[in-house]
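Peer 1: Sharing a structure below in structure tokens format, with a few things to ask.
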Amino acid sequence: MASLKELRARIGSIKSTRKITSAMKMVAAAKLRRAQACAEAARPYAAAMRRMLGELAAATKGEEGAPRLLAGTGQDKVHLLIPITSDRGLCGGFNSNVHRLTLQTINKLQAEGKTVKLLPVGRRALNFFNREHADLIVDKVIGFSGKDVPFSVASGLGDKVNALLEAGEIDVCTLVFNKFQNAMTQTPACLQLVPMVMDDAAVKADAASTTADDAAQYEFEPDEATLLAMLLPRNLQVQIYASLLETAAGENGARMTAMDNATRNAGRTIDSLSKVYNRTRQTNITNELIEIISGAQAV
């Protein structure tokens with residue numbers, strides 16, 4: 001059995017830990033409100049960009065010389081995966097969920113005989129894949145997690161993807177990130193950036209619109225090809241930026257939940273150790289009284 005001194009030291013240590021986890025919970029909660037607002041505000045814009053480009057793509061369907069960001073290279077041999085995580089830990093399974101989904105995707109693609117390349121975003125993703133698949137990493141982006149995500153990060157990342165695509169080094173590009181649902185739920189998801197695909201909701205909306213308007217024709221100024229050349233790089237940056245905002249909101253939500261659980265567990269541990277401490281103290285007092293009484297009787 002531990003001594004009273006050891007129990008006091010252990011209780012004091014856990015109380016200090018509880019103060020830290022409680023402070024981290026409050027900081028994450030304060031950051032979550034702003035991050036959640038930014039992520040929710042970006043969703044309609046990103047969806048509208050996909051829908052608009054889908055209409056432009058439909059208007060140019062069948063034409064030669066389609067931009068690579070829209071149609072890809074025409075092959076499906078080299079896949080670039082971009083796992084997005086945080087730079088710091090202490091956020092439960094937030095990062096490990098992205099790692100797990102990325103590994104599953106890598107194994108699936110390699111089993112099909114395809115080449116996989118990685119561009120980790122976030123220090124946790126970089127550290128993990130440096131251990132697991134260091135030979136697949138072609139670039140990295142770190143150092144922005146936990147802050148307000150600037151659009152320049154998404155712009156630079158989009159330029160890197162576009163450069164790899166134009167150089168013929170990749171055929172398909174996919175983001176792997178946590179989609180923010182609420183403070184307790186972040187769902188790992190994949191979003192294909194190149195070639196561009198429309199989500200099911202946009203496809204259904206376009207089909208309903210086409211039926212209602214009797215296949216209405218649209219006129220574009222300037223022409224569709226010029227618009228696509230201007231908007232596709234911007235759309236790539238917008239989709240990446242929306243994913244970064246989802247990740248930022250999810251990180252703060254996951255950290256708030258994890259620190260809340262840690263604070264509660266610390267409280268329960270302190271209560272349990274306090275009971276052990278009191279029992280031990282009472283036992284020691286009882287033993288001392290017995291010794292005193294026994295000594296007095298012996299005299």
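Starting from 1 in every chain, residues are counted up; chains themselves are A, B, ... following the order of the structure tokens, and ligands are numbered from 1 as listed.
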Write out as a VMD selection string all residues of range 35-226 of chain A that DSSP puts in strand (DSSP E or B) for this structure's backbone.
Peer 2: chain A and resid 78 to 84 115 to 118 121 137 141 172 to 182 185 to 194
Peer 1: Using only C-alpha atoms, which of the listed residues (A:Gly295, A:Pro67, A:Gly92, A:Gly74) sits closest to Met256 in chain A?
Peer 2: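 Smallest separation from Met256 in chain A among the options: A:Gly92.
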Peer 1: In terms of the shortest atom-to-atom distance over only C-alpha atoms, which of A:Val238, A:Leu126, A:Ile292, A:Leu70 is closest to Ile84 in chain A?
Peer 2: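 Of A:Val238, A:Leu126, A:Ile292, A:Leu70, the one nearest Ile84 in chain A is A:Leu126, counting only C-alpha atoms.
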Peer 1: Which neighbours of Asn95 in chain A fall inside 10 Å, counting only C-alpha atoms, when residues of the same chain fewer than 2 positions from it are skipped, and could you give them as a PyMOL selection string?
Peer 2: chain A and resi 83-93+97-100+122+124-125+128+177-178+188+247+251+254
Peer 1: Env of Asn235 in chain A: 12 Å cut, atoms = only C-alpha atoms, seq-sep filter 2 positions within chain, self excluded. Answer as a PyMOL selection string.
Peer 2: chain A and resi 45-54+69-70+154-155+158-159+162+193-194+196-197+227-233+237-242
Peer 1: Mind checking which residues fall within 12 Å of range 273-289 of chain A, counting only C-alpha atoms, ignoring those fewer than 6 positions away in the same chain, and posting them as a PyMOL selection string?
Peer 2: chain A and resi 1-15+266-267+295-296
Peer 1: Would you output that residue set with all heavy atoms, as a short mmCIF file (atom, residue, chain, number, x, y, z; two decimals), in the first residue's frame?
Peer 2:
```
data_model
loop_
_atom_site.label_atom_id
_atom_site.label_comp_id
_atom_site.auth_asym_id
_atom_site.auth_seq_id
_atom_site.Cartn_x
_atom_site.Cartn_y
_atom_site.Cartn_z
N MET A 1 0.85 -1.19 0.00
CA MET A 1 0.00 0.00 0.00
C MET A 1 0.89 1.25 0.00
O MET A 1 1.89 1.31 0.71
CB MET A 1 -0.93 0.01 1.21
CG MET A 1 -1.87 1.21 1.27
SD MET A 1 -2.92 1.19 2.72
CE MET A 1 -3.91 -0.28 2.35
N ALA A 2 0.48 2.25 -0.79
CA ALA A 2 1.26 3.49 -0.87
C ALA A 2 1.19 4.25 0.43
O ALA A 2 0.18 4.21 1.15
CB ALA A 2 0.73 4.35 -2.01
N SER A 3 2.24 4.97 0.74
CA SER A 3 2.28 5.77 1.96
C SER A 3 1.46 7.04 1.77
O SER A 3 1.09 7.41 0.65
CB SER A 3 3.72 6.12 2.30
OG SER A 3 4.26 6.98 1.31
N LEU A 4 1.18 7.72 2.89
CA LEU A 4 0.42 8.97 2.82
C LEU A 4 1.15 10.03 1.99
O LEU A 4 0.52 10.78 1.24
CB LEU A 4 0.18 9.49 4.24
CG LEU A 4 -0.79 8.68 5.12
CD1 LEU A 4 -0.88 9.29 6.51
CD2 LEU A 4 -2.17 8.61 4.48
N LYS A 5 2.45 10.07 2.11
CA LYS A 5 3.24 11.04 1.35
C LYS A 5 3.10 10.78 -0.16
O LYS A 5 2.93 11.72 -0.95
CB LYS A 5 4.70 10.97 1.77
CG LYS A 5 5.59 11.99 1.07
CD LYS A 5 7.02 11.91 1.59
CE LYS A 5 7.90 12.92 0.86
NZ LYS A 5 9.31 12.85 1.32
N GLU A 6 3.19 9.52 -0.55
CA GLU A 6 3.06 9.18 -1.98
C GLU A 6 1.66 9.50 -2.48
O GLU A 6 1.49 10.00 -3.61
CB GLU A 6 3.36 7.69 -2.17
CG GLU A 6 4.82 7.32 -1.93
CD GLU A 6 5.05 5.82 -1.97
OE1 GLU A 6 4.04 5.08 -1.86
OE2 GLU A 6 6.20 5.41 -2.11
N LEU A 7 0.64 9.21 -1.67
CA LEU A 7 -0.73 9.51 -2.08
C LEU A 7 -0.95 11.01 -2.21
O LEU A 7 -1.61 11.47 -3.17
CB LEU A 7 -1.72 8.92 -1.07
CG LEU A 7 -1.85 7.39 -1.08
CD1 LEU A 7 -2.71 6.92 0.10
CD2 LEU A 7 -2.47 6.91 -2.39
N ARG A 8 -0.42 11.80 -1.28
CA ARG A 8 -0.55 13.26 -1.38
C ARG A 8 0.12 13.79 -2.64
O ARG A 8 -0.41 14.66 -3.33
CB ARG A 8 0.06 13.93 -0.13
CG ARG A 8 -0.83 13.89 1.10
CD ARG A 8 -0.36 14.91 2.15
NE ARG A 8 1.01 14.62 2.57
CZ ARG A 8 1.32 13.86 3.62
NH1 ARG A 8 0.36 13.29 4.34
NH2 ARG A 8 2.58 13.65 3.95
N ALA A 9 1.29 13.26 -2.95
CA ALA A 9 2.01 13.70 -4.16
C ALA A 9 1.23 13.34 -5.42
O ALA A 9 1.14 14.14 -6.36
CB ALA A 9 3.40 13.07 -4.19
N ARG A 10 0.65 12.13 -5.44
CA ARG A 10 -0.12 11.69 -6.61
C ARG A 10 -1.38 12.55 -6.78
O ARG A 10 -1.71 12.97 -7.89
CB ARG A 10 -0.50 10.23 -6.44
CG ARG A 10 -0.98 9.58 -7.74
CD ARG A 10 -1.30 8.11 -7.53
NE ARG A 10 -0.15 7.38 -7.00
CZ ARG A 10 -0.21 6.12 -6.60
NH1 ARG A 10 -1.38 5.47 -6.64
NH2 ARG A 10 0.87 5.51 -6.14
N ILE A 11 -2.07 12.83 -5.68
CA ILE A 11 -3.28 13.66 -5.76
C ILE A 11 -2.92 15.07 -6.23
O ILE A 11 -3.62 15.66 -7.07
CB ILE A 11 -3.98 13.71 -4.39
CG1 ILE A 11 -4.58 12.34 -4.05
CG2 ILE A 11 -5.08 14.77 -4.37
CD1 ILE A 11 -5.13 12.23 -2.64
N GLY A 12 -1.84 15.63 -5.70
CA GLY A 12 -1.42 16.96 -6.13
C GLY A 12 -1.06 17.01 -7.60
O GLY A 12 -1.39 17.98 -8.30
N SER A 13 -0.40 15.96 -8.09
CA SER A 13 -0.03 15.91 -9.50
C SER A 13 -1.26 15.86 -10.40
O SER A 13 -1.34 16.55 -11.42
CB SER A 13 0.86 14.69 -9.75
OG SER A 13 1.13 14.54 -11.12
N ILE A 14 -2.25 15.04 -10.01
CA ILE A 14 -3.46 14.92 -10.83
C ILE A 14 -4.28 16.21 -10.78
O ILE A 14 -4.90 16.60 -11.78
CB ILE A 14 -4.29 13.71 -10.36
CG1 ILE A 14 -3.50 12.42 -10.58
CG2 ILE A 14 -5.61 13.63 -11.11
CD1 ILE A 14 -4.17 11.18 -10.05
N LYS A 15 -4.27 16.89 -9.65
CA LYS A 15 -4.97 18.18 -9.58
C LYS A 15 -4.34 19.20 -10.53
O LYS A 15 -5.04 19.97 -11.18
CB LYS A 15 -4.94 18.71 -8.14
CG LYS A 15 -5.92 18.02 -7.21
CD LYS A 15 -5.89 18.64 -5.81
CE LYS A 15 -6.93 17.99 -4.91
NZ LYS A 15 -6.90 18.57 -3.52
N ALA A 266 -9.84 12.95 -14.50
CA ALA A 266 -8.95 13.41 -13.43
C ALA A 266 -9.72 13.61 -12.13
O ALA A 266 -9.26 13.25 -11.04
CB ALA A 266 -8.25 14.70 -13.84
N GLY A 267 -10.93 14.18 -12.24
CA GLY A 267 -11.75 14.38 -11.05
C GLY A 267 -12.13 13.06 -10.38
O GLY A 267 -12.07 12.94 -9.15
N GLY A 295 0.72 -0.19 25.13
CA GLY A 295 1.84 0.21 25.97
C GLY A 295 1.40 0.61 27.37
O GLY A 295 2.06 0.27 28.38
N ALA A 296 0.27 1.36 27.45
CA ALA A 296 -0.23 1.78 28.75
C ALA A 296 -0.67 0.59 29.60
O ALA A 296 -0.41 0.53 30.81
CB ALA A 296 -1.39 2.74 28.56
#
```
Peer 1: At a cut-off of 8 Å, using only C-alpha atoms, what residues contact range 169-171 of chain A? Leave out same-chain residues fewer than 4 positions from it and give the result as a list in words.
Peer 2: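 Non-adjacent residues within range: Gly72, Thr73, Gly74, Gln75, Asp76, Lys77, Val78, His79, Leu80, Leu164, Leu165, Val194 and Pro195 of chain A.
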Peer 1: Could you turn the residues from that selection into a file that holds N, CA and C atoms, as a PDB file, in the first residue's frame?
Peer 2:
```pdb
ATOM      1  N   GLY A  72      -8.675  15.853 -66.081  1.00  0.00           N
ATOM      2  CA  GLY A  72      -7.537  15.029 -65.735  1.00  0.00           C
ATOM      3  C   GLY A  72      -6.626  14.817 -66.932  1.00  0.00           C
ATOM      4  N   THR A  73      -5.738  13.861 -66.818  1.00  0.00           N
ATOM      5  CA  THR A  73      -4.799  13.571 -67.899  1.00  0.00           C
ATOM      6  C   THR A  73      -5.318  12.507 -68.851  1.00  0.00           C
ATOM      7  N   GLY A  74      -6.487  11.950 -68.526  1.00  0.00           N
ATOM      8  CA  GLY A  74      -7.012  10.863 -69.333  1.00  0.00           C
ATOM      9  C   GLY A  74      -6.551   9.500 -68.850  1.00  0.00           C
ATOM     10  N   GLN A  75      -5.728   9.481 -67.802  1.00  0.00           N
ATOM     11  CA  GLN A  75      -5.246   8.223 -67.246  1.00  0.00           C
ATOM     12  C   GLN A  75      -5.609   8.134 -65.764  1.00  0.00           C
ATOM     13  N   ASP A  76      -5.352   6.971 -65.196  1.00  0.00           N
ATOM     14  CA  ASP A  76      -5.703   6.730 -63.787  1.00  0.00           C
ATOM     15  C   ASP A  76      -4.595   5.916 -63.117  1.00  0.00           C
ATOM     16  N   LYS A  77      -3.351   6.304 -63.397  1.00  0.00           N
ATOM     17  CA  LYS A  77      -2.227   5.504 -62.924  1.00  0.00           C
ATOM     18  C   LYS A  77      -1.588   6.058 -61.654  1.00  0.00           C
ATOM     19  N   VAL A  78      -1.440   7.372 -61.559  1.00  0.00           N
ATOM     20  CA  VAL A  78      -0.738   7.992 -60.429  1.00  0.00           C
ATOM     21  C   VAL A  78      -1.730   8.825 -59.620  1.00  0.00           C
ATOM     22  N   HIS A  79      -1.866   8.469 -58.342  1.00  0.00           N
ATOM     23  CA  HIS A  79      -2.808   9.163 -57.456  1.00  0.00           C
ATOM     24  C   HIS A  79      -2.033   9.964 -56.410  1.00  0.00           C
ATOM     25  N   LEU A  80      -2.428  11.207 -56.236  1.00  0.00           N
ATOM     26  CA  LEU A  80      -1.871  12.049 -55.164  1.00  0.00           C
ATOM     27  C   LEU A  80      -2.912  12.144 -54.053  1.00  0.00           C
ATOM     28  N   LEU A 164       2.144  19.840 -60.228  1.00  0.00           N
ATOM     29  CA  LEU A 164       2.350  18.397 -60.403  1.00  0.00           C
ATOM     30  C   LEU A 164       1.497  17.856 -61.547  1.00  0.00           C
ATOM     31  N   LEU A 165       0.289  18.383 -61.667  1.00  0.00           N
ATOM     32  CA  LEU A 165      -0.607  17.921 -62.730  1.00  0.00           C
ATOM     33  C   LEU A 165      -0.095  18.346 -64.103  1.00  0.00           C
ATOM     34  N   VAL A 194      -9.115  16.318 -58.625  1.00  0.00           N
ATOM     35  CA  VAL A 194      -8.742  16.170 -60.036  1.00  0.00           C
ATOM     36  C   VAL A 194      -8.870  14.708 -60.425  1.00  0.00           C
ATOM     37  N   PRO A 195      -9.580  14.384 -61.529  1.00  0.00           N
ATOM     38  CA  PRO A 195     -10.476  15.288 -62.253  1.00  0.00           C
ATOM     39  C   PRO A 195     -11.677  15.669 -61.404  1.00  0.00           C
TER      40      PRO A 195
END
```
Peer 1: Go through range 232-260 of chain A and flag each residue having an atom no more than 12 Å from range 134-148 of chain A; for those, report the closest pair of atoms plus their distance in Å to one decimal, using only C-alpha atoms, ordered by chain and rising number, as a tab-separated table.
Peer 2:
```
residue	atom	partner	partner_atom	distance
A:Tyr241	CA	A:Asp148	CA	11.6
A:Leu244	CA	A:Ser145	CA	9.2
A:Leu245	CA	A:Asp148	CA	8.8
A:Glu246	CA	A:Ser145	CA	11.8
A:Thr247	CA	A:Ser145	CA	9.0
A:Ala248	CA	A:Gly146	CA	6.9
A:Ala249	CA	A:Gly146	CA	9.5
A:Gly250	CA	A:Gly146	CA	10.9
A:Glu251	CA	A:Gly146	CA	8.1
A:Asn252	CA	A:Gly146	CA	7.9
A:Gly253	CA	A:Gly146	CA	11.7
A:Arg255	CA	A:Gly146	CA	10.8
```
Peer 1: As a VMD selection string, please: every residue in range 4-79 of chain A that DSSP puts in alpha helix (DSSP H).
Peer 2: chain A and resid 4 to 59 68 to 71
Peer 1: Leaving out Leu81 in chain A and any residue of its chain fewer than 2 positions from it, which residues lie within 7 Å of it when counting only C-alpha atoms, given as JSON, numbers by chain?
Peer 2: {"A": [79, 83, 117, 118, 119, 173, 174, 175]}
Peer 1: Dump C-alpha atoms for the selected residues as a compact mmCIF listing (two decimals), in the first residue's frame?
Peer 2:
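Below is the file again_23.txt, written as the result:
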```
# COMPACT_ATOMS: atom_id res chain seq x y z
CA HIS A 79 -2.81 9.16 -57.46
CA PRO A 83 -4.17 13.90 -45.82
CA LYS A 117 2.07 9.85 -53.84
CA LEU A 118 1.49 11.76 -50.60
CA LEU A 119 1.42 15.45 -49.76
CA CYS A 173 -5.74 14.12 -56.71
CA THR A 174 -7.82 13.39 -53.58
CA LEU A 175 -8.14 15.17 -50.23
```
Peer 1: Mind giving me the straight-line distance from CA of Ala28 in chain A to CA of Ala258 in chain A in Å, one decimal?
Peer 2: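 Taking CA of Ala28 in chain A as the start and CA of Ala258 in chain A as the end point, the length is 10.1 Å.
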